[in-house]
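Notes for the one structure printed next.
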Amino acid sequence: MAEFIFKAMVKAKGLEDSYYIESAAVSTEETGNPIYPPARRCLSQHGIWFNPEKRARQVSRADYGRFDRIICMDSSNLRLLKRIIPDDPQGKIHLMMSYTGIGRDVADPWYTGDFEETFQDLLEACEAMVG
């Protein structure tokens with residue numbers, strides 16, 4: 001959801017040429033799967049376009065060189081990411097909610113079932129990132 005929320009905000013500000021935005025997972029559990037149906041519904045309810053062809057992939061060590069920032073949704077993701085990318089000499093790795101000044105994880109809809117709460121967290125953080 002974060003990928004498409006952030007893409008929508010960047011597009012609305014006419015900044016598409018300044019950003020390359022892509023999401024990836026820290027595990028292989030969902031590799032190859034499409035966007036989870038409840039996440040799709042939530043994005044649609046908010047009028048956020050998403051690519052229905054999007055498939056999950058796992059983050060790789062090479063991603064550190066490909067991206068200016070690597071954003072984790074929660075502290076568990078951050079711990080797992082450090083197994084893949086153990087060092088962050090350029091300070092690229094951040095928690096999503098850190099952009100809001102709030103030191104907490106994004107609400108996880110896998111456990112709460114509340115995709116709206118997650119959407120609102122992501123909306124707030126994406127707004128803070130794009131300025």
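How things are named: the first chain in the structure tokens is A, the next is B, and so on; residues count from 1 in each chain; ligands count from 1 in the order shown.
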
Check the DSSP output for the backbone and give back, as a ChimeraX atom specification, the residues of segment 7-108 of chain A in helix (DSSP H, G or I). /A:7-12,16-18,37-45,63-66,75-84,96-100

Could you give me, as a tab-separated table, a per-residue list for segment 41-78 of chain A showing, wherever an atom lies at most 8 Å from an atom of segment 96-113 of chain A, the closest pair of atoms and their distance in Å to one decimal, using only C-alpha atoms and sorting by chain then residue number from low to high?
```
residue	atom	partner	partner_atom	distance
A:Ile71	CA	A:Met96	CA	5.6
A:Cys72	CA	A:Met96	CA	5.7
A:Met73	CA	A:Met96	CA	5.3
A:Asp74	CA	A:Asp105	CA	4.4
A:Ser75	CA	A:Asp105	CA	6.5
```

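Proximity ranking of A:Gly47, A:Gly91, A:Lys7, A:Ser23 relative to Arg69 of chain A places A:Gly91 first, based on only C-alpha atoms.
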
Record the distance separating atom CA of Ala24 of chain A and atom CA of Arg61 of chain A, expressed in Å with one decimal.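 The value is 11.8 Å.
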
May I have the residues within 10 Å of Phe6 of chain A as a ChimeraX atom specification, using only C-alpha atoms and disregarding those fewer than 2 positions away in the same chain? /A:1-4,8-12,19,21-22,48,122-123,125-127,129-130

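Residues in contact with segment 76-81 of chain A at up to 8 Å, not including ones fewer than 2 positions away on its chain and judged by only C-alpha atoms, are A:Val26, A:Ser27, A:Val59, A:Cys72, A:Met73, A:Asp74, A:Arg83, A:Ile84, A:Ile85, A:Pro86, A:Leu95.
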
Mind writing the picked residues with C-alpha atoms as a PDB file, in the first residue's frame?
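As written to disk, selection_23.pdb reads:
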```
ATOM      1  CA  VAL A  26      12.019  -8.883   3.788  1.00  0.00           C
ATOM      2  CA  SER A  27      10.913 -12.517   3.509  1.00  0.00           C
ATOM      3  CA  VAL A  59      14.615  -7.118  -1.054  1.00  0.00           C
ATOM      4  CA  CYS A  72      10.754  -0.410   6.804  1.00  0.00           C
ATOM      5  CA  MET A  73       7.211  -0.552   8.086  1.00  0.00           C
ATOM      6  CA  ASP A  74       8.110  -1.884  11.521  1.00  0.00           C
ATOM      7  CA  ARG A  83      20.095  -9.992   7.776  1.00  0.00           C
ATOM      8  CA  ILE A  84      19.979  -9.071   4.076  1.00  0.00           C
ATOM      9  CA  ILE A  85      21.678  -5.672   4.288  1.00  0.00           C
ATOM     10  CA  PRO A  86      23.795  -5.845   7.461  1.00  0.00           C
ATOM     11  CA  LEU A  95      11.362   3.273   9.827  1.00  0.00           C
TER      12      LEU A  95
END
```

Please report the interatomic distance between atom CA of Gln58 of chain A and atom CA of Phe119 of chain A in Å with one decimal. 21.9 Å

Counting only C-alpha atoms, which of A:Tyr20, A:Phe50, A:Phe115, A:Tyr64 gets nearest to Asp87 of chain A?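 When distances to Asp87 of chain A are compared using only C-alpha atoms, the smallest one comes from A:Tyr64.
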
Using DSSP on the backbone, list every residue of chain A that comes out as strand (DSSP E), and give them as a PyMOL selection string. chain A and resi 70-72+93-95

Just write the chosen residues, N, CA and C atoms, as a PDB file, in the first residue's frame.
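part.pdb was written with the following content:
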```
ATOM      1  N   ILE A  70      15.657   3.248   2.021  1.00  0.00           N
ATOM      2  CA  ILE A  70      15.000   1.959   2.198  1.00  0.00           C
ATOM      3  C   ILE A  70      14.168   2.098   3.471  1.00  0.00           C
ATOM      4  N   ILE A  71      12.866   1.995   3.309  1.00  0.00           N
ATOM      5  CA  ILE A  71      11.932   2.285   4.389  1.00  0.00           C
ATOM      6  C   ILE A  71      11.297   0.987   4.890  1.00  0.00           C
ATOM      7  N   CYS A  72      11.377   0.766   6.186  1.00  0.00           N
ATOM      8  CA  CYS A  72      10.754  -0.410   6.804  1.00  0.00           C
ATOM      9  C   CYS A  72       9.485   0.007   7.523  1.00  0.00           C
ATOM     10  N   ILE A  93      18.551   3.525   5.627  1.00  0.00           N
ATOM     11  CA  ILE A  93      17.485   2.679   6.166  1.00  0.00           C
ATOM     12  C   ILE A  93      16.762   3.412   7.303  1.00  0.00           C
ATOM     13  N   HIS A  94      15.425   3.502   7.163  1.00  0.00           N
ATOM     14  CA  HIS A  94      14.605   4.235   8.130  1.00  0.00           C
ATOM     15  C   HIS A  94      13.312   3.475   8.400  1.00  0.00           C
ATOM     16  N   LEU A  95      12.721   3.737   9.555  1.00  0.00           N
ATOM     17  CA  LEU A  95      11.362   3.273   9.827  1.00  0.00           C
ATOM     18  C   LEU A  95      10.377   4.287   9.244  1.00  0.00           C
TER      19      LEU A  95
END
```

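The gap separating atom CA of Lys92 of chain A from atom CA of Asp68 of chain A is 6.1 Å, in Å to one decimal.
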